[in-house]
Each structure stands twice: as structure tokens, then as C-alpha cells.
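Listing of my_file_17.cif, mmCIF, C-alpha atoms and all ligand atoms
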```cif
data_my_file
#
loop_
_atom_site.label_atom_id
_atom_site.label_comp_id
_atom_site.auth_asym_id
_atom_site.auth_seq_id
_atom_site.Cartn_x
_atom_site.Cartn_y
_atom_site.Cartn_z
CA MET A 1 37.31 26.78 -18.84
CA ASP A 2 35.29 23.67 -18.11
CA THR A 3 37.41 20.70 -19.09
CA ILE A 4 35.19 18.04 -17.55
CA THR A 5 33.66 15.56 -19.94
CA TRP A 6 30.25 14.89 -18.45
CA PRO A 7 28.58 11.51 -19.03
CA GLN A 8 26.07 11.55 -21.86
CA LYS A 9 23.04 9.36 -22.23
CA THR A 10 23.76 6.91 -25.04
CA ARG A 11 20.73 4.63 -24.85
CA GLU A 12 17.36 3.96 -23.24
CA LEU A 13 16.60 0.89 -21.18
CA HIS A 14 13.15 -0.67 -21.25
CA SER A 15 12.28 -3.93 -19.54
CA ASN A 16 9.80 -5.42 -17.10
CA HIS A 17 11.30 -2.98 -14.53
CA PHE A 18 12.92 -0.09 -16.42
CA GLU A 19 11.61 2.94 -18.26
CA SER A 20 14.66 5.15 -18.55
CA THR A 21 13.12 7.92 -20.69
CA VAL A 22 11.61 9.42 -17.51
CA TRP A 23 14.97 11.08 -16.84
CA ASN A 24 14.66 13.08 -20.06
CA ASP A 25 11.76 15.00 -18.47
CA PHE A 26 13.19 15.36 -14.96
CA GLN A 27 13.89 19.02 -14.11
CA PHE A 28 17.07 19.05 -12.05
CA ARG A 29 17.59 21.49 -9.20
CA ASP A 30 21.03 22.63 -8.07
CA ASP A 31 20.98 20.68 -4.82
CA ASP A 32 19.43 17.40 -6.03
CA ILE A 33 20.93 14.15 -4.82
CA ILE A 34 20.79 11.03 -6.99
CA ILE A 35 21.37 7.63 -5.39
CA GLY A 36 22.53 4.96 -7.84
CA THR A 37 22.95 1.22 -7.26
CA TYR A 38 22.63 -2.03 -9.18
CA ALA A 39 19.91 -3.07 -6.65
CA LYS A 40 20.06 -4.88 -3.31
CA SER A 41 23.28 -3.06 -2.54
CA GLY A 42 22.22 -0.69 0.22
CA THR A 43 19.97 1.74 -1.69
CA THR A 44 17.44 1.96 1.13
CA TRP A 45 20.23 2.37 3.65
CA ILE A 46 21.64 5.38 1.76
CA GLN A 47 18.14 6.83 1.39
CA GLN A 48 17.71 6.54 5.15
CA ILE A 49 21.11 8.13 5.83
CA ILE A 50 20.39 11.04 3.51
CA SER A 51 16.93 11.57 4.99
CA GLN A 52 18.47 11.65 8.46
CA LEU A 53 21.04 14.20 7.36
CA ILE A 54 18.54 16.43 5.58
CA PHE A 55 15.94 16.24 8.34
CA ASN A 56 18.38 16.26 11.26
CA GLY A 57 17.52 12.93 12.87
CA GLN A 58 13.72 13.25 12.68
CA VAL A 59 11.65 10.11 13.19
CA GLY A 60 8.69 8.90 11.16
CA LEU A 61 9.84 10.24 7.79
CA PRO A 62 8.12 8.53 4.82
CA VAL A 63 11.49 7.94 3.17
CA ALA A 64 10.39 5.56 0.41
CA GLU A 65 7.65 7.95 -0.67
CA MET A 66 10.01 10.94 -0.57
CA SER A 67 12.68 9.19 -2.58
CA PRO A 68 11.09 7.31 -5.50
CA TRP A 69 12.84 4.91 -7.85
CA LEU A 70 12.39 7.19 -10.86
CA ASP A 71 13.19 4.70 -13.64
CA LEU A 72 10.87 1.97 -12.38
CA ARG A 73 7.95 1.56 -14.81
CA VAL A 74 5.35 1.81 -12.07
CA PRO A 75 3.68 4.08 -11.12
CA PRO A 76 3.64 5.98 -14.46
CA ALA A 77 6.36 8.57 -15.04
CA HIS A 78 4.12 11.61 -14.65
CA VAL A 79 3.06 10.55 -11.16
CA LYS A 80 6.65 10.44 -9.93
CA LEU A 81 7.71 13.57 -11.81
CA GLU A 82 4.80 15.60 -10.43
CA GLY A 83 5.47 14.32 -6.91
CA LEU A 84 9.13 15.34 -7.13
CA GLU A 85 8.28 18.71 -8.65
CA ALA A 86 6.02 19.42 -5.67
CA GLN A 87 8.74 18.66 -3.10
CA THR A 88 10.13 21.70 -1.32
CA HIS A 89 12.87 19.94 0.67
CA ARG A 90 16.19 18.84 -0.77
CA ARG A 91 15.36 16.00 -3.11
CA PHE A 92 16.99 12.56 -3.15
CA VAL A 93 16.02 10.27 -5.98
CA LYS A 94 16.87 6.62 -6.58
CA THR A 95 18.02 4.99 -9.82
CA HIS A 96 19.15 1.50 -10.77
CA LEU A 97 20.31 2.47 -14.26
CA PRO A 98 23.83 2.18 -15.58
CA ILE A 99 25.20 5.70 -15.90
CA ASP A 100 25.02 5.74 -19.71
CA ALA A 101 21.24 5.27 -19.65
CA LEU A 102 20.76 8.17 -17.23
CA VAL A 103 20.69 11.90 -17.77
CA TYR A 104 23.71 13.05 -15.78
CA SER A 105 23.48 16.59 -14.49
CA PRO A 106 26.58 18.60 -13.53
CA LYS A 107 24.34 20.37 -10.96
CA ALA A 108 23.26 17.36 -8.91
CA LYS A 109 25.31 15.18 -6.55
CA TYR A 110 25.53 11.46 -7.23
CA ILE A 111 26.13 8.73 -4.68
CA TYR A 112 26.66 5.22 -6.02
CA ILE A 113 26.80 2.29 -3.64
CA ALA A 114 28.01 -1.16 -4.67
CA ARG A 115 28.12 -4.55 -2.98
CA ASP A 116 29.89 -7.81 -3.77
CA GLY A 117 27.76 -9.55 -6.40
CA ARG A 118 27.40 -12.71 -4.35
CA ASP A 119 25.83 -10.70 -1.53
CA VAL A 120 23.66 -8.87 -4.04
CA LEU A 121 22.50 -12.21 -5.42
CA TRP A 122 21.63 -13.54 -1.97
CA SER A 123 19.62 -10.40 -1.28
CA LEU A 124 17.96 -10.55 -4.71
CA TYR A 125 16.89 -14.11 -4.09
CA ASN A 126 15.19 -13.09 -0.87
CA HIS A 127 13.55 -10.14 -2.68
CA HIS A 128 12.32 -12.32 -5.57
CA SER A 129 11.34 -15.49 -3.71
CA THR A 130 9.21 -13.59 -1.19
CA ALA A 131 7.52 -11.34 -3.79
CA ASN A 132 3.75 -11.79 -3.82
CA GLU A 133 1.10 -11.64 -6.54
CA LYS A 134 0.80 -7.84 -6.17
CA TRP A 135 4.47 -7.54 -7.21
CA TYR A 136 4.03 -9.78 -10.26
CA GLY A 137 0.84 -7.89 -11.15
CA ALA A 138 2.54 -4.47 -10.96
CA LEU A 139 5.43 -5.59 -13.18
CA ASN A 140 3.72 -7.90 -15.63
CA ASP A 141 0.13 -6.69 -15.95
CA THR A 142 0.47 -2.90 -16.15
CA PRO A 143 0.84 -0.94 -19.42
CA GLY A 144 4.37 -0.43 -20.71
CA LEU A 145 5.87 -3.88 -20.22
CA VAL A 146 8.78 -4.37 -22.63
CA GLY A 147 10.27 -7.81 -23.14
CA PRO A 148 9.24 -10.95 -21.30
CA PRO A 149 7.32 -10.75 -18.03
CA ILE A 150 9.29 -11.65 -14.95
CA GLY A 151 8.72 -15.23 -13.83
CA LYS A 152 9.03 -17.05 -10.51
CA PRO A 153 12.55 -17.69 -9.26
CA ASN A 154 14.21 -21.04 -9.36
CA ASP A 155 13.68 -23.12 -6.19
CA SER A 156 17.41 -23.48 -5.74
CA ILE A 157 19.47 -20.41 -4.84
CA LEU A 158 22.53 -22.13 -6.26
CA GLU A 159 20.87 -22.50 -9.67
CA TYR A 160 19.59 -18.92 -9.41
CA TYR A 161 23.18 -17.79 -8.79
CA HIS A 162 24.58 -19.64 -11.81
CA GLN A 163 21.76 -18.43 -14.03
CA TRP A 164 22.41 -14.82 -12.95
CA LEU A 165 26.12 -15.16 -13.75
CA ASP A 166 25.70 -17.17 -16.95
CA GLN A 167 22.98 -14.91 -18.37
CA ASP A 168 24.42 -11.51 -17.46
CA GLY A 169 22.09 -10.65 -14.61
CA PHE A 170 19.00 -12.60 -15.70
CA PRO A 171 16.17 -12.22 -14.69
CA TRP A 172 17.20 -8.69 -13.62
CA TRP A 173 19.76 -6.67 -15.59
CA SER A 174 23.47 -6.70 -16.19
CA PHE A 175 25.48 -6.41 -12.99
CA TRP A 176 28.86 -5.86 -14.60
CA GLU A 177 27.85 -3.03 -16.91
CA ASN A 178 26.10 -1.26 -14.04
CA ILE A 179 29.14 -1.38 -11.75
CA LYS A 180 31.64 -0.60 -14.48
CA SER A 181 29.67 2.30 -15.94
CA TRP A 182 29.69 4.11 -12.57
CA TRP A 183 33.23 3.08 -11.62
CA ASP A 184 34.56 4.52 -14.87
CA GLN A 185 33.15 7.95 -13.94
CA ARG A 186 34.37 7.93 -10.34
CA HIS A 187 36.62 10.96 -10.84
CA LEU A 188 33.74 13.34 -11.54
CA PRO A 189 33.62 16.11 -8.94
CA ASN A 190 29.95 15.54 -8.11
CA MET A 191 30.17 11.78 -7.63
CA MET A 192 30.86 9.69 -4.55
CA LEU A 193 31.39 5.94 -4.64
CA LEU A 194 30.45 3.89 -1.60
CA ASN A 195 30.63 0.24 -0.75
CA PHE A 196 28.25 -1.80 1.44
CA ALA A 197 31.22 -3.49 3.15
CA SER A 198 32.69 -0.12 4.17
CA LEU A 199 29.37 1.01 5.61
CA LYS A 200 29.21 -2.19 7.64
CA LYS A 201 32.73 -1.57 8.94
CA ASP A 202 32.41 2.09 9.87
CA LEU A 203 28.88 3.47 9.64
CA ALA A 204 29.67 6.62 11.64
CA GLY A 205 32.67 7.50 9.49
CA GLU A 206 30.77 6.83 6.27
CA ILE A 207 27.82 8.99 7.36
CA ARG A 208 30.20 11.85 8.15
CA GLY A 209 31.80 11.41 4.72
CA ILE A 210 28.38 11.52 3.03
CA ALA A 211 27.43 14.66 4.97
CA ASN A 212 30.67 16.30 3.92
CA PHE A 213 30.12 15.38 0.27
CA LEU A 214 26.59 16.79 0.39
CA ASP A 215 27.68 19.95 2.21
CA ILE A 216 25.42 19.18 5.16
CA SER A 217 26.80 20.15 8.55
CA ILE A 218 25.93 17.66 11.23
CA ASP A 219 24.08 18.89 14.29
CA GLU A 220 26.15 17.15 16.97
CA ALA A 221 23.25 17.31 19.41
CA GLN A 222 21.38 14.97 17.02
CA TRP A 223 24.33 12.76 16.08
CA ASN A 224 23.42 9.78 18.28
CA ASN A 225 19.87 9.82 16.93
CA ILE A 226 21.07 10.01 13.34
CA LEU A 227 23.38 7.07 13.92
CA GLU A 228 20.76 4.99 15.65
CA HIS A 229 18.16 5.65 12.94
CA CYS A 230 20.58 4.32 10.31
CA SER A 231 21.38 1.11 12.20
CA PHE A 232 20.12 -2.21 10.89
CA ASP A 233 18.05 -2.93 14.00
CA TYR A 234 16.27 0.42 13.88
CA MET A 235 15.64 0.17 10.15
CA LYS A 236 14.28 -3.36 10.48
CA GLU A 237 12.00 -2.33 13.33
CA ASN A 238 10.77 0.70 11.38
CA ALA A 239 10.94 -0.86 7.92
CA THR A 240 7.49 0.24 6.75
CA ALA A 241 8.63 3.85 6.33
CA SER A 242 11.70 3.10 4.25
CA VAL A 243 10.65 0.12 2.11
CA PRO A 244 8.79 0.74 -1.19
CA LEU A 245 5.02 0.98 -0.65
CA GLY A 246 5.44 -0.03 2.97
CA GLY A 247 6.40 -3.55 1.88
CA ILE A 248 3.04 -4.56 0.36
CA PHE A 249 4.83 -6.50 -2.42
CA TRP A 250 6.46 -9.06 -0.13
CA GLU A 251 5.26 -11.91 2.03
CA GLY A 252 5.91 -10.76 5.57
CA GLY A 253 5.86 -7.08 4.54
CA ALA A 254 8.61 -4.50 4.90
CA LYS A 255 10.68 -6.53 7.38
CA THR A 256 11.23 -9.13 4.67
CA PHE A 257 12.97 -6.46 2.56
CA ILE A 258 15.29 -5.30 5.37
CA HIS A 259 16.28 -8.93 5.64
CA LYS A 260 19.64 -9.77 7.28
CA GLY A 261 21.96 -6.87 6.49
CA GLU A 262 25.05 -9.09 6.50
CA ASN A 263 27.56 -9.98 3.82
CA GLY A 264 29.00 -13.45 3.22
CA ARG A 265 25.87 -15.59 3.66
CA TRP A 266 26.78 -17.30 0.37
CA ARG A 267 29.85 -18.86 1.98
CA ASP A 268 27.73 -21.69 3.45
CA VAL A 269 26.28 -22.61 0.05
CA LEU A 270 28.81 -21.89 -2.69
CA SER A 271 31.66 -24.33 -3.23
CA GLU A 272 35.14 -22.91 -3.75
CA GLU A 273 34.63 -23.42 -7.47
CA ASP A 274 31.23 -21.63 -7.48
CA ALA A 275 32.69 -18.66 -5.62
CA GLN A 276 35.73 -18.55 -7.90
CA LYS A 277 33.51 -18.40 -10.95
CA TYR A 278 32.24 -15.04 -9.68
CA GLU A 279 35.75 -13.79 -8.90
CA GLN A 280 37.02 -14.69 -12.36
CA LEU A 281 34.12 -12.96 -14.06
CA ALA A 282 34.60 -9.87 -11.88
CA GLU A 283 38.24 -9.69 -12.89
CA GLU A 284 37.43 -10.18 -16.55
CA LYS A 285 34.48 -7.77 -16.74
CA LEU A 286 35.65 -5.07 -14.36
CA GLY A 287 39.43 -5.23 -14.27
CA THR A 288 41.57 -5.75 -11.18
CA ALA A 289 41.14 -2.36 -9.48
CA CYS A 290 37.36 -2.23 -9.80
CA ALA A 291 36.95 -5.91 -8.81
CA HIS A 292 39.08 -5.30 -5.73
CA TRP A 293 37.05 -2.23 -4.74
CA LEU A 294 33.78 -4.09 -5.28
CA LYS A 295 34.89 -6.94 -3.04
CA THR A 296 36.54 -4.94 -0.27
CA GLY A 297 35.52 -1.30 -0.50
CA GLU A 298 39.21 -0.37 -0.79
CA ILE A 299 40.25 1.87 -3.64
P1 LIG B 1 19.92 -8.34 2.72
O1 LIG B 1 18.82 -8.79 1.82
O2 LIG B 1 21.23 -9.03 2.47
O3 LIG B 1 19.55 -8.36 4.16
P2 LIG B 1 18.45 -2.31 -1.35
O4 LIG B 1 17.91 -1.25 -0.47
O5 LIG B 1 19.46 -1.81 -2.35
O6 LIG B 1 17.36 -3.12 -1.98
O7 LIG B 1 19.30 -3.28 -0.44
C1 LIG B 1 18.67 -4.07 0.53
C2 LIG B 1 19.74 -4.71 1.38
O8 LIG B 1 20.30 -3.71 2.25
C3 LIG B 1 19.18 -5.80 2.28
O9 LIG B 1 20.21 -6.79 2.39
C4 LIG B 1 18.97 -5.05 3.57
O10 LIG B 1 18.89 -5.86 4.71
C5 LIG B 1 20.22 -4.19 3.59
N1 LIG B 1 20.11 -3.06 4.54
C6 LIG B 1 19.18 -2.09 4.59
N2 LIG B 1 19.40 -1.27 5.63
C7 LIG B 1 20.51 -1.74 6.26
C8 LIG B 1 21.24 -1.33 7.42
N3 LIG B 1 20.89 -0.27 8.16
N4 LIG B 1 22.33 -2.07 7.78
C9 LIG B 1 22.72 -3.14 7.04
N5 LIG B 1 22.05 -3.56 5.94
C10 LIG B 1 20.96 -2.87 5.55
#
```
Structure encoded using C-alpha cells:
Amino acid sequence: MDTITWPQKTRELHSNHFESTVWNDFQFRDDDIIIGTYAKSGTTWIQQIISQLIFNGQVGLPVAEMSPWLDLRVPPAHVKLEGLEAQTHRRFVKTHLPIDALVYSPKAKYIYIARDGRDVLWSLYNHHSTANEKWYGALNDTPGLVGPPIGKPNDSILEYYHQWLDQDGFPWWSFWENIKSWWDQRHLPNMMLLNFASLKKDLAGEIRGIANFLDISIDEAQWNNILEHCSFDYMKENATASVPLGGIFWEGGAKTFIHKGENGRWRDVLSEEDAQKYEQLAEEKLGTACAHWLKTGEI
């Protein structure tokens, strides 16, 4: 008897970025892989790793095109759904939704990667402050915008950080609910939780763990290539293939998106008190165990 209580969708999310109803029309296949993250937490890295595992270390794969962000409002839902329906390889799809706004399939495998919120914020600031007019146009001037358009970021990263904490993820979406919603379901048999810090510490071990979770046996003859193609330097050099739309939305292109790949850059800017504010909120919103995992990768 099946005693698992599977997550159920309890709400839809609509915003300048999200259109969650698209998942209601997605036809799952048994071997689908869903990659979840809050954003700026290593999504593209996991997409690259999975592409390398599925395609056995091949070069030149159009990873961003293969693995669309399904719940992004643009391009329209039918374009992404038709593209995914036409794929004949094992599919790997990206989402930034909290788990309760997704359709969760017992058939698919889910990989959720998280990153310390201060590192996420530093990465978000780079993402937002280098976004060009094409990015604002796609989000604010296309049909389906719900809520206020997204504006320019504050000039000061410190103010951007406080605003994000004080206004529950503004101008993006709630960080805490995203992390907590996935953390709370971590015991599901088809879910794997990952942490950016752990990938930084032991990329080879983490890739082997992902392969194992996805039931992909690694071709040892290709192992060094797989590893190299998932390194920061390789991904930065070849960023156009893995970054959405080849990076056309950012000043400086795709290399701007694969920016520094390091945690802790906030340490030079945040005072002890600023950093503590994050830690206290993490404890309060997530609880001790989840906050510890988020910060360290240790469960
Ligand atoms: P930074 O902006 O801190 O450099 P996402 O894909 O979820 O938007 O996350 C983007 C972040 O992941 C960026 O962080 C990017 O540099 C980092 N990243 C992507 N590939 C990486 C890799 N191979 N090694 C380390 N960091 C990587």
C-alpha cells in the first residue's frame, strides 16, 4: 500500500516573473527530472551537470534551450510545453516555485539546490544590476504581467540586501517559503536536496551522488571530461550555451551571469549586525536544522 503523502498544489503564483499554471498542463514522463531552486543558487550548474550525465560528457550542448524555466512567464506557456513534448532525450526542467505552487509528480525525480541567502542576494544583485532593456521589456511589456512591473535595483547593494530581507524577497519572491517548502518534503523518495556550498567543496562526489540518484551509470572513460565541463572556469568560458537565451538579457552577455561562483563575497560589505540579521531571520523562519543545512550543507 502506498503510504506516501505526495505534495499537492495549493495555490498559483503570478507575478512579473511567474506563471505557475503552466505545470497543470505539463505531461510528465516516468524519467523526467525537475530542478528546483529559489534562484541564483546553482540552477545552471545543476542543469550543466545533468546534461553532462545524460549526454556522457558531450560538448556544445544547448543546455539552456533544452532545459527551460517552465514557470517563467516568457515565452508563452505553449511554446515551452510544445518544445518539451518534442524532446526525445531524458528531460530536465527548471522551476523556481515553492513546492506547494508546483504540480509534484511521483513519477519524476526532483533535485532542489539551495544556497546561503546572503550569497543568493549577492548573485541576484549582479543579475539585476546588469540586466539590460531587453530584460525589462520581456518582463514588463509582454502580455500576462501580474502585479507591479519590476523596477531598477537600488544603487547600494547594502540597501538592496535590507530591502530583500525586510520585504520578504522583494523585488523577487519569498526566499524563506521557497526553502522551507522544499526542506519540509526532503524525505520523499524521489527528491534530492543539494547545497551550493557542498558542490563547491566536493564537486566530484556530488556529481556521483546525483548520477546515483538519477540512476545514470557514469562512463569512467568520460569522467574527466564530465568533471571539467562542470567546473566554473569551463562554464564561464562556454557560458553562452548554458545561460538563458545565450545571455542577451545582460550587459556583457552570458559571462556576466556565470559571474564569480564563490560564496562569502558579502563578508566585505555586511557588518556583523547586518549579517546577524539574516541569521536570526533564518532561524526564525526555517528552524535550527534547516537554517544550519542552508548555511553549511550539513544535514
Ligand atoms: P554568482 O553570481 O555568485 O557568481 P543560477 O544558475 O541559479 O542563476 O545561479 C547562478 C550562480 O551560480 C552564479 O553565482 C554563478 O556564477 C554560479 N555558478 C554557475 N556555474 C557554476 C560553477 N560551475 N561553479 C561555481 N558556481 C557556478
Open item on the list: I'd like to know which of A:Ala39, A:Ile111, A:Ala239, A:Leu286 is closest to ligand LIG 1 (chain B), using only C-alpha atoms and all ligand atoms.
Closed with: A:Ala39
TODO: Considering only C-alpha atoms and all ligand atoms, state which residue in the set A:Pro171, A:Gly42, A:Gly247, A:Gly209 is at the smallest distance from ligand LIG 1 (chain B).
DONE: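 Ranking A:Pro171, A:Gly42, A:Gly247, A:Gly209 by distance to ligand LIG 1 (chain B), first place goes to A:Gly42.
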Open item on the list: If the limit is 6 Å from any atom of ligand LIG 1 (chain B), counting only C-alpha atoms and all ligand atoms, which residues qualify? Return them as a PyMOL selection string.
Closed with: chain A and resi 39-45+123+230-232+235+258-262
Open item on the list: Restricting the calculation to all atoms listed in the file: of A:Gln52, A:Ser181, A:Thr256, A:Gln163, which residue gets closest to Glu237 in chain A?
Closed with: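 Closest to Glu237 in chain A of all the choices is A:Thr256.
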For the interface of range 18-89 of chain A with range 96-102 of chain A (cut-off 12 Å, counting all atoms listed in the file), please tabulate each contacting residue of range 18-89 of chain A alongside its nearest pair of atoms and their separation in Å to one decimal, rows sorted by chain and increasing number, as CSV.
```
residue,atom,partner,partner_atom,distance
A:Phe18,CA,A:Leu97,CA,8.1
A:Glu19,CA,A:Leu97,CA,9.6
A:Ser20,CA,A:Ala101,CA,6.7
A:Thr21,CA,A:Leu102,CA,8.4
A:Val22,CA,A:Leu102,CA,9.2
A:Trp23,CA,A:Leu102,CA,6.5
A:Asn24,CA,A:Leu102,CA,8.3
A:Asp25,CA,A:Leu102,CA,11.4
A:Phe26,CA,A:Leu102,CA,10.7
A:Ile34,CA,A:His96,CA,10.4
A:Ile35,CA,A:His96,CA,8.5
A:Gly36,CA,A:His96,CA,5.7
A:Thr37,CA,A:His96,CA,5.2
A:Tyr38,CA,A:His96,CA,5.2
A:Ala39,CA,A:His96,CA,6.2
A:Lys40,CA,A:His96,CA,9.9
A:Ser41,CA,A:His96,CA,10.3
A:Gly42,CA,A:His96,CA,11.6
A:Thr43,CA,A:His96,CA,9.1
A:Pro68,CA,A:His96,CA,11.2
A:Trp69,CA,A:His96,CA,7.7
A:Leu70,CA,A:His96,CA,8.8
A:Asp71,CA,A:His96,CA,7.3
A:Leu72,CA,A:His96,CA,8.4
A:Arg73,CA,A:His96,CA,11.9
```
Task: Within 6 Å of file point (16.8, 11.7, -8.3), counting all atoms listed in the file, expressed as a PyMOL selection string - done: chain A and resi 33-34+92-94
Open item on the list: Between A:Leu121, A:Ala86, A:Leu61, A:Leu294, which residue has the minimum interatomic distance to Ala282 in chain A, considering only C-alpha atoms?
Closed with: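 Of the candidates, the smallest distance to Ala282 in chain A is held by A:Leu294.
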My structure is short of atoms at range 61-79 of chain A; please model N, CA, C and O atoms there, returning them as a PDB file, in the frame of the given file.
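rebuild.pdb, written as the output of this step:
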```
ATOM      1  N   LEU A  61       9.820   9.687   9.148  1.00  0.00           N
ATOM      2  CA  LEU A  61       9.840  10.240   7.790  1.00  0.00           C
ATOM      3  C   LEU A  61       9.413   9.171   6.772  1.00  0.00           C
ATOM      4  O   LEU A  61       9.901   8.044   6.836  1.00  0.00           O
ATOM      5  N   PRO A  62       8.534   9.509   5.835  1.00  0.00           N
ATOM      6  CA  PRO A  62       8.120   8.530   4.820  1.00  0.00           C
ATOM      7  C   PRO A  62       9.186   8.446   3.706  1.00  0.00           C
ATOM      8  O   PRO A  62       8.977   8.925   2.592  1.00  0.00           O
ATOM      9  N   VAL A  63      10.310   7.856   4.036  1.00  0.00           N
ATOM     10  CA  VAL A  63      11.490   7.940   3.170  1.00  0.00           C
ATOM     11  C   VAL A  63      11.251   7.352   1.775  1.00  0.00           C
ATOM     12  O   VAL A  63      11.641   7.944   0.768  1.00  0.00           O
ATOM     13  N   ALA A  64      10.595   6.198   1.721  1.00  0.00           N
ATOM     14  CA  ALA A  64      10.390   5.560   0.410  1.00  0.00           C
ATOM     15  C   ALA A  64       9.524   6.442  -0.491  1.00  0.00           C
ATOM     16  O   ALA A  64       9.759   6.541  -1.696  1.00  0.00           O
ATOM     17  N   GLU A  65       8.537   7.081   0.102  1.00  0.00           N
ATOM     18  CA  GLU A  65       7.650   7.950  -0.670  1.00  0.00           C
ATOM     19  C   GLU A  65       8.400   9.217  -1.128  1.00  0.00           C
ATOM     20  O   GLU A  65       8.232   9.691  -2.245  1.00  0.00           O
ATOM     21  N   MET A  66       9.247   9.730  -0.243  1.00  0.00           N
ATOM     22  CA  MET A  66      10.010  10.940  -0.570  1.00  0.00           C
ATOM     23  C   MET A  66      11.024  10.704  -1.676  1.00  0.00           C
ATOM     24  O   MET A  66      11.375  11.616  -2.409  1.00  0.00           O
ATOM     25  N   SER A  67      11.540   9.486  -1.731  1.00  0.00           N
ATOM     26  CA  SER A  67      12.680   9.190  -2.580  1.00  0.00           C
ATOM     27  C   SER A  67      12.353   8.068  -3.563  1.00  0.00           C
ATOM     28  O   SER A  67      12.779   6.927  -3.396  1.00  0.00           O
ATOM     29  N   PRO A  68      11.552   8.377  -4.597  1.00  0.00           N
ATOM     30  CA  PRO A  68      11.090   7.310  -5.500  1.00  0.00           C
ATOM     31  C   PRO A  68      12.195   6.756  -6.386  1.00  0.00           C
ATOM     32  O   PRO A  68      13.188   7.436  -6.644  1.00  0.00           O
ATOM     33  N   TRP A  69      11.980   5.533  -6.824  1.00  0.00           N
ATOM     34  CA  TRP A  69      12.840   4.910  -7.850  1.00  0.00           C
ATOM     35  C   TRP A  69      12.308   5.441  -9.181  1.00  0.00           C
ATOM     36  O   TRP A  69      11.291   4.948  -9.683  1.00  0.00           O
ATOM     37  N   LEU A  70      12.973   6.450  -9.734  1.00  0.00           N
ATOM     38  CA  LEU A  70      12.390   7.190 -10.860  1.00  0.00           C
ATOM     39  C   LEU A  70      12.249   6.325 -12.110  1.00  0.00           C
ATOM     40  O   LEU A  70      11.266   6.424 -12.844  1.00  0.00           O
ATOM     41  N   ASP A  71      13.231   5.472 -12.399  1.00  0.00           N
ATOM     42  CA  ASP A  71      13.190   4.700 -13.640  1.00  0.00           C
ATOM     43  C   ASP A  71      12.429   3.390 -13.548  1.00  0.00           C
ATOM     44  O   ASP A  71      12.441   2.607 -14.499  1.00  0.00           O
ATOM     45  N   LEU A  72      11.764   3.139 -12.439  1.00  0.00           N
ATOM     46  CA  LEU A  72      10.870   1.970 -12.380  1.00  0.00           C
ATOM     47  C   LEU A  72       9.616   2.310 -13.188  1.00  0.00           C
ATOM     48  O   LEU A  72       9.119   3.427 -13.123  1.00  0.00           O
ATOM     49  N   ARG A  73       9.105   1.325 -13.932  1.00  0.00           N
ATOM     50  CA  ARG A  73       7.950   1.560 -14.810  1.00  0.00           C
ATOM     51  C   ARG A  73       6.673   1.946 -14.071  1.00  0.00           C
ATOM     52  O   ARG A  73       5.752   2.510 -14.659  1.00  0.00           O
ATOM     53  N   VAL A  74       6.585   1.554 -12.819  1.00  0.00           N
ATOM     54  CA  VAL A  74       5.350   1.810 -12.070  1.00  0.00           C
ATOM     55  C   VAL A  74       5.665   2.629 -10.809  1.00  0.00           C
ATOM     56  O   VAL A  74       6.707   2.388 -10.199  1.00  0.00           O
ATOM     57  N   PRO A  75       4.826   3.555 -10.387  1.00  0.00           N
ATOM     58  CA  PRO A  75       3.680   4.080 -11.120  1.00  0.00           C
ATOM     59  C   PRO A  75       4.153   4.862 -12.348  1.00  0.00           C
ATOM     60  O   PRO A  75       5.356   5.081 -12.499  1.00  0.00           O
ATOM     61  N   PRO A  76       3.230   5.300 -13.226  1.00  0.00           N
ATOM     62  CA  PRO A  76       3.640   5.980 -14.460  1.00  0.00           C
ATOM     63  C   PRO A  76       4.533   7.186 -14.184  1.00  0.00           C
ATOM     64  O   PRO A  76       4.452   7.804 -13.118  1.00  0.00           O
ATOM     65  N   ALA A  77       5.355   7.511 -15.178  1.00  0.00           N
ATOM     66  CA  ALA A  77       6.360   8.570 -15.040  1.00  0.00           C
ATOM     67  C   ALA A  77       5.779   9.875 -14.501  1.00  0.00           C
ATOM     68  O   ALA A  77       6.354  10.496 -13.602  1.00  0.00           O
ATOM     69  N   HIS A  78       4.626  10.277 -15.040  1.00  0.00           N
ATOM     70  CA  HIS A  78       4.120  11.610 -14.650  1.00  0.00           C
ATOM     71  C   HIS A  78       3.786  11.670 -13.162  1.00  0.00           C
ATOM     72  O   HIS A  78       3.928  12.710 -12.524  1.00  0.00           O
ATOM     73  N   VAL A  79       3.402  10.552 -12.591  1.00  0.00           N
ATOM     74  CA  VAL A  79       3.060  10.550 -11.160  1.00  0.00           C
ATOM     75  C   VAL A  79       4.304  10.862 -10.330  1.00  0.00           C
ATOM     76  O   VAL A  79       4.294  11.695  -9.415  1.00  0.00           O
TER      77      VAL A  79
END
```
